[in-house]
>>> print(open('upload_25.csv').read())   # CSV, C-alpha atoms
chain,number,residue,atom,x,y,z
A,1,MET,CA,29.7,-26.8,1.9
A,2,THR,CA,26.4,-24.8,1.3
A,3,LYS,CA,27.0,-21.2,0.2
A,4,ILE,CA,24.6,-18.5,1.1
A,5,SER,CA,23.8,-18.0,-2.6
A,6,ASP,CA,22.6,-21.7,-2.6
A,7,LEU,CA,19.7,-21.1,-0.2
A,8,PRO,CA,16.2,-21.7,-1.8
A,9,ARG,CA,14.3,-18.7,-2.8
A,10,ASP,CA,11.6,-19.0,-0.1
A,11,LEU,CA,14.2,-19.2,2.6
A,12,THR,CA,16.2,-16.3,1.1
A,13,GLU,CA,13.0,-14.2,0.9
A,14,GLU,CA,12.3,-15.0,4.6
A,15,VAL,CA,15.8,-13.8,5.6
A,16,LEU,CA,15.8,-10.6,3.6
A,17,SER,CA,12.2,-9.7,4.6
A,18,ARG,CA,13.3,-9.6,8.3
A,19,LEU,CA,16.1,-7.1,7.6
A,20,PRO,CA,15.6,-3.5,8.6
A,21,MET,CA,15.8,-1.1,5.6
A,22,THR,CA,19.0,0.4,6.9
A,23,SER,CA,20.7,-3.0,6.2
A,24,MET,CA,19.3,-3.6,2.8
A,25,ARG,CA,22.1,-2.0,0.8
A,26,ALA,CA,24.7,-4.2,2.6
A,27,ALA,CA,22.5,-7.2,1.8
A,28,ARG,CA,22.4,-6.4,-1.9
A,29,PHE,CA,26.2,-6.6,-2.0
A,30,THR,CA,26.3,-10.0,-0.4
A,31,CYS,CA,25.8,-11.9,-3.7
A,32,LYS,CA,24.2,-11.4,-7.1
A,33,LYS,CA,21.2,-13.6,-6.2
A,34,TRP,CA,20.3,-11.4,-3.2
A,35,ASN,CA,20.9,-8.2,-5.2
A,36,THR,CA,18.5,-9.5,-7.9
A,37,LEU,CA,15.9,-10.6,-5.4
A,38,SER,CA,16.0,-7.3,-3.5
A,39,LYS,CA,15.0,-5.5,-6.8
A,40,ASP,CA,12.2,-8.0,-7.6
A,41,ARG,CA,8.8,-6.2,-7.6
A,42,SER,CA,6.8,-8.9,-6.0
A,43,PHE,CA,9.4,-9.4,-3.2
A,44,ARG,CA,9.6,-5.6,-2.6
A,45,LYS,CA,5.8,-5.4,-2.2
A,46,LYS,CA,5.8,-8.3,0.2
A,47,GLN,CA,8.7,-6.7,2.2
A,48,LEU,CA,7.0,-3.3,2.2
A,49,ARG,CA,3.7,-4.7,3.6
A,50,GLY,CA,5.7,-6.3,6.4
A,51,ALA,CA,7.6,-3.1,7.1
A,52,ILE,CA,4.5,-0.9,7.1
A,53,SER,CA,2.6,-3.4,9.3
A,54,ALA,CA,5.5,-3.5,11.8
A,55,ALA,CA,5.8,0.3,11.8
A,56,LYS,CA,2.1,0.7,12.5
A,57,LYS,CA,2.2,-1.8,15.4
A,58,LYS,CA,5.2,0.1,16.9
A,59,GLN,CA,3.3,3.3,16.7
A,60,THR,CA,1.1,2.3,19.6
A,61,LYS,CA,4.2,2.7,21.8
A,62,GLU,CA,6.8,4.4,19.6
A,63,PHE,CA,7.2,6.1,16.3
A,64,GLN,CA,9.7,5.8,13.4
A,65,VAL,CA,11.1,9.2,12.5
A,66,ILE,CA,13.7,10.5,10.1
A,67,MET,CA,16.2,13.0,11.4
A,68,MET,CA,18.8,15.1,9.6
A,69,ILE,CA,21.8,15.7,11.8
A,70,GLN,CA,25.2,17.0,10.8
A,71,TYR,CA,24.4,16.6,7.0
A,72,ARG,CA,23.4,13.0,7.4
A,73,VAL,CA,20.0,11.3,7.4
A,74,TYR,CA,19.1,8.8,10.1
A,75,LEU,CA,16.2,6.6,11.1
A,76,PHE,CA,15.2,6.7,14.7
A,77,SER,CA,12.7,4.9,16.9
A,78,VAL,CA,11.1,7.4,19.3
A,79,ASN,CA,9.2,6.9,22.6
A,80,LEU,CA,8.3,10.3,24.1
A,81,LEU,CA,7.2,9.0,27.5
A,82,ASN,CA,10.0,6.7,28.6
A,83,PRO,CA,11.7,8.7,27.0
A,84,SER,CA,13.9,6.9,24.5
A,85,ILE,CA,15.3,7.9,21.2
A,86,GLU,CA,17.1,5.0,19.6
A,87,ARG,CA,19.1,5.4,16.4
A,88,ILE,CA,18.1,2.4,14.2
A,89,GLY,CA,20.7,3.3,11.6
A,90,LYS,CA,22.0,5.7,9.1
A,91,LEU,CA,20.0,5.7,5.9
A,92,ILE,CA,22.6,4.7,3.4
A,93,SER,CA,24.0,7.8,1.6
A,94,LEU,CA,22.9,8.6,-1.9
A,95,ASP,CA,25.9,7.4,-3.8
A,96,VAL,CA,28.1,4.4,-3.6
A,97,GLU,CA,31.0,6.3,-2.2
A,98,ASP,CA,28.9,7.7,0.7
A,99,ARG,CA,30.1,11.3,0.0
A,100,VAL,CA,26.9,13.2,-0.3
A,101,ASP,CA,26.2,15.8,2.4
A,102,ILE,CA,22.6,16.9,2.8
A,103,SER,CA,21.6,20.3,4.0
A,104,LYS,CA,17.8,20.1,3.7
A,105,ILE,CA,15.2,17.4,3.5
A,106,PHE,CA,11.5,17.5,2.5
A,107,HIS,CA,9.4,14.5,3.2
A,108,CYS,CA,6.3,13.4,1.2
A,109,HIS,CA,4.6,10.0,1.6
A,110,GLY,CA,7.9,8.0,2.1
A,111,LEU,CA,10.0,10.0,-0.4
A,112,LEU,CA,12.6,12.5,0.5
A,113,LEU,CA,13.6,15.6,-1.5
A,114,CYS,CA,17.2,16.3,-0.6
A,115,ILE,CA,19.2,19.5,-1.2
A,116,THR,CA,23.0,19.0,-1.2
A,117,LYS,CA,25.2,21.0,1.1
A,118,ASP,CA,26.7,23.0,-1.7
A,119,ILE,CA,23.1,23.8,-3.0
A,120,SER,CA,24.1,22.7,-6.4
A,121,ARG,CA,22.2,19.4,-6.7
A,122,LEU,CA,18.7,18.2,-6.0
A,123,VAL,CA,17.7,14.5,-5.6
A,124,VAL,CA,14.5,12.6,-4.9
A,125,TRP,CA,15.2,9.6,-2.8
A,126,ASN,CA,13.2,6.6,-1.6
A,127,PRO,CA,15.2,5.4,1.5
A,128,TYR,CA,13.3,2.1,1.6
A,129,SER,CA,14.1,0.9,-2.0
A,130,GLY,CA,17.3,2.9,-2.3
A,131,GLN,CA,16.2,4.4,-5.5
A,132,THR,CA,17.3,8.0,-6.4
A,133,ARG,CA,16.5,10.5,-9.1
A,134,TRP,CA,18.9,13.4,-9.6
A,135,ILE,CA,17.1,16.4,-10.9
A,136,GLN,CA,18.9,18.7,-13.3
A,137,PRO,CA,17.9,22.4,-13.1
A,138,ARG,CA,16.2,24.2,-15.9
A,139,ASN,CA,18.8,26.9,-15.6
A,140,SER,CA,20.4,26.8,-12.1
A,141,TYR,CA,19.7,26.4,-8.4
A,142,HIS,CA,20.0,29.3,-6.0
A,143,ARG,CA,21.0,29.5,-2.3
A,144,LEU,CA,17.6,31.2,-1.5
A,145,ASP,CA,15.5,28.7,-3.3
A,146,ARG,CA,12.4,27.3,-1.5
A,147,TYR,CA,11.3,23.8,-2.4
A,148,ALA,CA,8.3,21.5,-1.9
A,149,LEU,CA,7.6,17.9,-2.9
A,150,GLY,CA,4.0,16.8,-3.5
A,151,TYR,CA,1.8,14.8,-5.8
A,152,GLU,CA,-1.3,14.9,-7.9
A,153,GLU,CA,-3.8,12.2,-7.2
A,154,LYS,CA,-4.9,10.6,-10.5
A,155,LYS,CA,-8.2,9.0,-11.2
A,156,ASN,CA,-6.7,5.5,-11.3
A,157,SER,CA,-5.3,6.1,-7.8
A,158,CYS,CA,-1.8,6.6,-9.2
A,159,ARG,CA,0.2,9.5,-7.9
A,160,SER,CA,2.1,11.9,-10.1
A,161,TYR,CA,5.0,13.4,-8.0
A,162,LYS,CA,6.1,16.9,-8.6
A,163,ILE,CA,8.6,19.4,-7.2
A,164,LEU,CA,7.9,23.1,-6.7
A,165,ARG,CA,11.0,25.4,-6.8
A,166,PHE,CA,10.6,29.1,-6.2
A,167,MET,CA,12.4,32.2,-5.1
A,168,ASP,CA,11.2,35.8,-4.8
A,169,ASN,CA,14.0,37.9,-3.3
A,170,TYR,CA,15.8,41.1,-3.9
A,171,GLU,CA,19.6,40.8,-4.5
A,172,GLY,CA,22.3,43.4,-4.6
A,173,ASP,CA,22.0,47.1,-3.8
A,174,ASN,CA,22.1,50.6,-5.3
A,175,PRO,CA,19.4,49.7,-6.3
A,176,PRO,CA,18.4,46.1,-5.3
A,177,TYR,CA,17.0,44.0,-8.1
A,178,LEU,CA,14.2,41.4,-7.9
A,179,ILE,CA,14.8,37.7,-8.8
A,180,ARG,CA,11.4,36.0,-9.1
A,181,GLU,CA,11.2,32.4,-10.4
A,182,PHE,CA,8.4,29.8,-9.9
A,183,GLU,CA,8.7,26.5,-11.7
A,184,ILE,CA,7.5,22.9,-11.4
A,185,TYR,CA,9.3,19.7,-12.1
A,186,ASP,CA,7.2,16.6,-13.1
A,187,LEU,CA,8.9,13.3,-12.3
A,188,ASN,CA,6.8,11.5,-14.9
A,189,SER,CA,7.7,13.7,-17.8
A,190,ASP,CA,11.2,14.6,-16.5
A,191,SER,CA,10.7,18.2,-17.3
A,192,TRP,CA,10.4,21.7,-15.8
A,193,LYS,CA,7.8,24.3,-16.6
A,194,VAL,CA,7.4,27.9,-15.5
A,195,VAL,CA,4.4,28.9,-13.4
A,196,ASP,CA,3.1,32.5,-13.4
A,197,VAL,CA,2.8,33.5,-9.7
A,198,PRO,CA,2.5,37.2,-8.7
A,199,PRO,CA,2.9,36.8,-4.9
A,200,ASP,CA,1.4,39.4,-2.5
A,201,TRP,CA,2.9,37.3,0.3
A,202,GLU,CA,6.4,36.4,1.6
A,203,ILE,CA,7.9,33.2,2.9
A,204,GLU,CA,11.2,33.5,4.7
A,205,TYR,CA,13.9,31.3,3.4
A,206,TYR,CA,14.2,29.5,6.8
A,207,HIS,CA,10.5,28.5,7.0
A,208,ARG,CA,10.3,25.0,5.6
A,209,GLY,CA,7.1,23.8,3.8
A,210,LEU,CA,5.2,20.9,5.3
A,211,SER,CA,3.8,18.2,3.0
A,212,LEU,CA,0.3,16.9,3.9
A,213,LYS,CA,-2.0,14.8,1.7
A,214,GLY,CA,0.1,15.6,-1.3
A,215,ASN,CA,0.0,19.4,-0.9
A,216,THR,CA,2.5,21.7,0.9
A,217,TYR,CA,1.8,24.3,3.5
A,218,TRP,CA,3.9,27.3,4.6
A,219,PHE,CA,3.8,29.9,7.3
A,220,ALA,CA,3.7,33.2,5.3
A,221,GLN,CA,3.4,36.9,5.9
A,222,GLU,CA,2.2,40.0,4.0
A,223,LYS,CA,4.6,41.2,1.4
A,224,LEU,CA,5.8,44.7,2.2
A,225,PRO,CA,7.3,47.3,-0.2
A,226,ILE,CA,11.0,48.1,0.1
A,227,PHE,CA,11.5,50.7,2.8
A,228,PRO,CA,14.4,53.2,3.2
A,229,LEU,CA,17.5,51.7,4.9
A,230,GLY,CA,17.1,51.5,8.6
A,231,ARG,CA,13.3,51.3,8.7
A,232,VAL,CA,12.0,48.1,10.3
A,233,VAL,CA,8.5,46.7,10.3
A,234,SER,CA,7.9,44.1,12.9
A,235,ASP,CA,4.1,43.7,12.7
A,236,MET,CA,2.7,42.1,9.5
A,237,ALA,CA,-0.3,40.1,8.6
A,238,ASP,CA,0.5,36.3,8.9
A,239,PHE,CA,-1.3,33.3,7.7
A,240,LEU,CA,-1.0,29.7,6.3
A,241,LEU,CA,-0.5,29.2,2.6
A,242,CYS,CA,-1.0,26.0,0.6
A,243,PHE,CA,0.4,25.0,-2.8
A,244,ASP,CA,-2.1,22.6,-4.5
A,245,PHE,CA,-0.1,20.2,-6.6
A,246,THR,CA,-3.1,19.1,-8.6
A,247,ARG,CA,-4.2,22.6,-9.6
A,248,GLU,CA,-0.6,23.8,-9.6
A,249,ARG,CA,-1.4,27.0,-7.8
A,250,PHE,CA,-1.3,28.6,-4.4
A,251,GLY,CA,-4.6,28.7,-2.5
A,252,PRO,CA,-6.1,31.5,-0.4
A,253,ARG,CA,-4.7,32.8,2.9
A,254,LEU,CA,-5.7,30.5,5.7
A,255,PRO,CA,-6.1,31.8,9.3
A,256,LEU,CA,-3.7,30.9,12.1
A,257,PRO,CA,-4.8,30.5,15.8
A,258,PHE,CA,-2.3,33.3,16.8
A,259,HIS,CA,-0.6,36.4,15.6
A,260,SER,CA,3.1,36.5,15.4
A,261,PHE,CA,5.8,39.2,15.1
A,262,VAL,CA,9.3,39.3,13.7
A,263,GLU,CA,11.7,37.1,15.8
A,264,ASP,CA,8.9,34.9,17.1
A,265,THR,CA,9.4,31.1,16.6
A,266,VAL,CA,6.8,29.5,14.3
A,267,THR,CA,7.2,26.1,12.7
A,268,LEU,CA,4.9,23.4,11.2
A,269,SER,CA,4.6,19.6,11.6
A,270,SER,CA,2.1,16.9,10.7
A,271,VAL,CA,0.1,14.4,12.8
A,272,ARG,CA,0.1,11.0,11.2
A,273,ASP,CA,-0.1,12.7,7.7
A,274,LYS,CA,-3.7,13.6,8.5
A,275,GLN,CA,-3.6,16.9,10.3
A,276,LEU,CA,-1.4,19.9,10.6
A,277,ALA,CA,0.3,21.1,13.8
A,278,VAL,CA,1.8,24.5,14.4
A,279,LEU,CA,4.2,25.5,17.2
A,280,PHE,CA,4.4,29.2,18.3
A,281,GLN,CA,6.7,30.8,20.9
A,282,PRO,CA,6.8,34.6,21.1
A,283,CYS,CA,10.2,36.3,21.6
A,284,TYR,CA,8.8,38.3,24.4
A,285,ALA,CA,7.3,35.4,26.4
A,286,SER,CA,8.6,32.0,27.4
A,287,THR,CA,5.4,29.9,26.8
A,288,VAL,CA,5.4,27.4,23.9
A,289,LYS,CA,2.0,26.7,22.4
A,290,ILE,CA,1.0,24.0,19.9
A,291,TRP,CA,-2.3,23.7,18.0
A,292,ILE,CA,-3.6,20.9,15.8
A,293,SER,CA,-6.0,21.4,13.0
A,294,SER,CA,-9.4,19.7,13.0
A,295,LYS,CA,-9.8,20.2,9.3
A,296,ILE,CA,-7.1,21.0,6.7
A,297,GLU,CA,-7.6,21.5,3.0
A,298,PRO,CA,-5.9,23.8,0.4
A,299,ASN,CA,-8.8,26.2,0.7
A,300,ALA,CA,-9.8,25.8,4.3
A,301,VAL,CA,-8.5,25.2,7.8
A,302,SER,CA,-10.1,25.0,11.3
A,303,TRP,CA,-8.3,24.6,14.6
A,304,ARG,CA,-8.9,22.8,17.9
A,305,LYS,CA,-8.2,24.4,21.2
A,306,VAL,CA,-4.6,24.6,22.3
A,307,PHE,CA,-3.1,21.1,22.3
A,308,LEU,CA,-0.2,21.9,24.5
A,309,ALA,CA,1.0,25.1,26.4
A,310,VAL,CA,4.3,24.9,28.3
A,311,ASP,CA,6.1,27.6,30.1
A,312,MET,CA,9.8,27.0,29.2
A,313,LYS,CA,11.2,29.6,31.6
A,314,PRO,CA,11.8,27.2,34.5
A,315,LEU,CA,12.7,24.4,32.1
A,316,THR,CA,15.3,25.9,29.7
A,317,GLY,CA,15.0,29.7,30.0
A,318,PHE,CA,15.4,30.3,26.3
A,319,GLN,CA,13.4,30.7,23.1
A,320,PHE,CA,13.6,27.9,20.5
A,321,ASP,CA,15.6,29.1,17.5
A,322,ILE,CA,13.5,30.7,14.8
A,323,TYR,CA,15.7,29.1,12.2
A,324,SER,CA,15.1,25.5,13.5
A,325,GLY,CA,12.6,24.4,16.1
A,326,SER,CA,11.6,21.4,14.1
A,327,PHE,CA,9.2,19.3,16.1
A,328,PHE,CA,7.1,16.1,16.3
A,329,VAL,CA,3.9,15.5,18.2
A,330,ASP,CA,2.5,12.4,19.9
A,331,GLN,CA,-1.2,13.3,20.0
A,332,LYS,CA,-2.4,10.4,22.2
A,333,LYS,CA,0.3,11.0,24.9
A,334,LYS,CA,0.0,14.8,24.6
A,335,VAL,CA,3.7,15.3,24.4
A,336,ALA,CA,6.0,16.9,21.8
A,337,MET,CA,9.6,16.7,20.8
A,338,VAL,CA,11.5,19.8,19.6
A,339,LEU,CA,14.9,19.7,18.1
A,340,ASP,CA,17.4,22.5,18.8
A,341,LYS,CA,20.9,23.1,20.2
A,342,ASP,CA,21.9,23.0,23.8
A,343,ARG,CA,21.4,26.8,24.3
A,344,CYS,CA,22.3,26.6,28.0
A,345,ARG,CA,25.9,26.5,26.9
A,346,SER,CA,28.0,29.4,25.7
A,347,LYS,CA,28.9,27.4,22.6
A,348,LEU,CA,26.2,25.4,20.6
A,349,THR,CA,28.1,22.1,20.6
A,350,ARG,CA,25.3,19.6,21.1
A,351,ASN,CA,22.2,18.6,19.3
A,352,ILE,CA,19.3,18.2,21.8
A,353,ALA,CA,15.8,16.8,21.6
A,354,TYR,CA,13.6,18.6,24.1
A,355,ILE,CA,10.5,16.6,25.1
A,356,ILE,CA,7.7,18.6,26.7
A,357,GLY,CA,4.2,17.7,28.0
A,358,LYS,CA,1.6,18.7,30.4
A,359,LYS,CA,2.0,19.3,34.2
A,360,GLY,CA,5.7,20.2,33.8
A,361,TYR,CA,6.8,17.0,32.0
A,362,PHE,CA,10.2,17.7,30.6
A,363,LYS,CA,13.1,15.6,29.3
A,364,LYS,CA,16.3,16.3,27.4
A,365,VAL,CA,17.9,13.7,25.1
A,366,ASP,CA,21.4,14.4,23.7
A,367,LEU,CA,21.6,13.5,20.0
A,368,GLY,CA,25.3,14.0,19.6
A,369,GLU,CA,27.9,16.6,18.7
A,370,SER,CA,27.1,19.7,16.7
A,371,THR,CA,30.1,20.9,14.8
A,372,VAL,CA,28.0,23.3,12.7
A,373,PRO,CA,26.1,25.6,15.1
A,374,SER,CA,24.2,27.2,12.2
A,375,LEU,CA,22.9,23.9,10.8
A,376,ALA,CA,19.4,23.1,12.1
A,377,SER,CA,18.5,19.5,12.8
A,378,LEU,CA,15.2,18.3,11.3
A,379,VAL,CA,12.7,15.7,12.2
A,380,CYS,CA,9.7,14.2,10.4
A,381,SER,CA,7.6,11.0,10.9
A,382,TYR,CA,8.2,8.2,8.4
A,383,VAL,CA,6.5,5.2,7.0
A,384,PRO,CA,8.2,3.2,4.1
A,385,SER,CA,6.9,3.5,0.6
A,386,SER,CA,7.2,1.3,-2.5
A,387,THR,CA,6.8,4.3,-4.9
A,388,GLN,CA,9.0,4.0,-8.0
A,389,ILE,CA,11.0,7.0,-8.9
>>> encode(input="upload_25.csv", output="structure tokens")
Amino acid sequence: MTKISDLPRDLTEEVLSRLPMTSMRAARFTCKKWNTLSKDRSFRKKQLRGAISAAKKKQTKEFQVIMMIQYRVYLFSVNLLNPSIERIGKLISLDVEDRVDISKIFHCHGLLLCITKDISRLVVWNPYSGQTRWIQPRNSYHRLDRYALGYEEKKNSCRSYKILRFMDNYEGDNPPYLIREFEIYDLNSDSWKVVDVPPDWEIEYYHRGLSLKGNTYWFAQEKLPIFPLGRVVSDMADFLLCFDFTRERFGPRLPLPFHSFVEDTVTLSSVRDKQLAVLFQPCYASTVKIWISSKIEPNAVSWRKVFLAVDMKPLTGFQFDIYSGSFFVDQKKKVAMVLDKDRCRSKLTRNIAYIIGKKGYFKKVDLGESTVPSLASLVCSYVPSSTQI
């Protein structure tokens, strides 16, 4: 009787190359031969070329996206016009025992920077290869840390991946004291270094950075002095801010196509890793507007006319949450998908994808139960990468 381990290499490669990446971990445990082959560099390159080609072909009709829901990371196939959102599978958890809960993810060129639920651990993960790199802190991590994953493009076309970690917050009272830490971790050298940054701007802890072309962009606002208790400032200068991972420094303030106030919803997304998209919904109005850049660099940005403007009052009647509102754009079909809770209910018990477009196009897709109302679901486009970490 022929065993599965007795199959010739070319036939084994053909079988494994057809498996989705969500099934690769199970395949590795089938037998030693499959485990060895799955780690072979030439086979992985062949499999990756096929995966990327298949993903690009699918993008004419649908997209592959990564979503973080209920502390787990999933791969979805999304068609925003049918609409259909199909869960391809759960990306295998980061350890053998499948016990790692993820509270935040940051995507850069096929790699994910993941923050654990207890904020105590940091890991870079390639979901395609299954490789992970646990990052030890220089001192310790903090609940208000902001993170970014990016890379420096070397002359030989190799990419040197880096992590930016920073916090710039006041803690305590009578009087409050400032904690300011800016540091960079280099995956090549496996080391942290302190960066001197005197910020005259502020990034709220719930505003996630967006990785684009190796750099990371944030929605930021003017830093204000500490005012007496009870005084509130709602109108501040706002702008886009970029961290350049090659120069290892923040760039100049970049203009936005709108002006926002405190409690307005502002969130960033990317369009095929080439352009930046920004969603804006004022707290005093019901219209959601999305713009897409025509040019985006660390030192310059220009914007096209409004890509999409949708009055949400007759559709949902509520403002997308300022702490979530993660969204994804299909530029060709002129539609967008925004993740939030089912805010039409008294209790936020369901995760919902709201799909909006022109001429009143609107669909809702239920993504499952929400047992943690305060935990925002996240979405980002995804193409597999063979990057070694």
>>> residues_around(input="upload_25.csv", residues="Leu210 in chain A", least_positions_apart="6", cutoff="7 Å", atoms="only C-alpha atoms", output="PyMOL selection string")
chain A and resi 216-218+268-269
>>> write_last_selection(input="upload_25.csv", atoms="C-alpha atoms", output="PDB file, in the coordinates of the input")
ATOM      1  CA  THR A 216       2.500  21.700   0.900  1.00  0.00           C
ATOM      2  CA  TYR A 217       1.800  24.300   3.500  1.00  0.00           C
ATOM      3  CA  TRP A 218       3.900  27.300   4.600  1.00  0.00           C
ATOM      4  CA  LEU A 268       4.900  23.400  11.200  1.00  0.00           C
ATOM      5  CA  SER A 269       4.600  19.600  11.600  1.00  0.00           C
TER       6      SER A 269
END
>>> closest_residue(input="upload_25.csv", among="A:Phe245, A:Trp291, A:Tyr74, A:Tyr151", to="Phe307 in chain A", atoms="all atoms listed in the file")
A:Trp291
>>> axis_aligned_box(input="upload_25.csv", around="range 117-124 of chain A", padding_each_side="8 Å", output="lines of an AutoDock Vina configuration file")
center_x = 20.6
center_y = 18.2
center_z = -2.8
size_x = 28.2
size_y = 27.2
size_z = 23.8
>>> atom_distance(input="upload_25.csv", atom1="CA of Leu279 in chain A", atom2="CA of Thr267 in chain A")
5.4 Å
>>> atom_distance(input="upload_25.csv", atom1="CA of Gln275 in chain A", atom2="CA of Pro199 in chain A")
25.9 Å
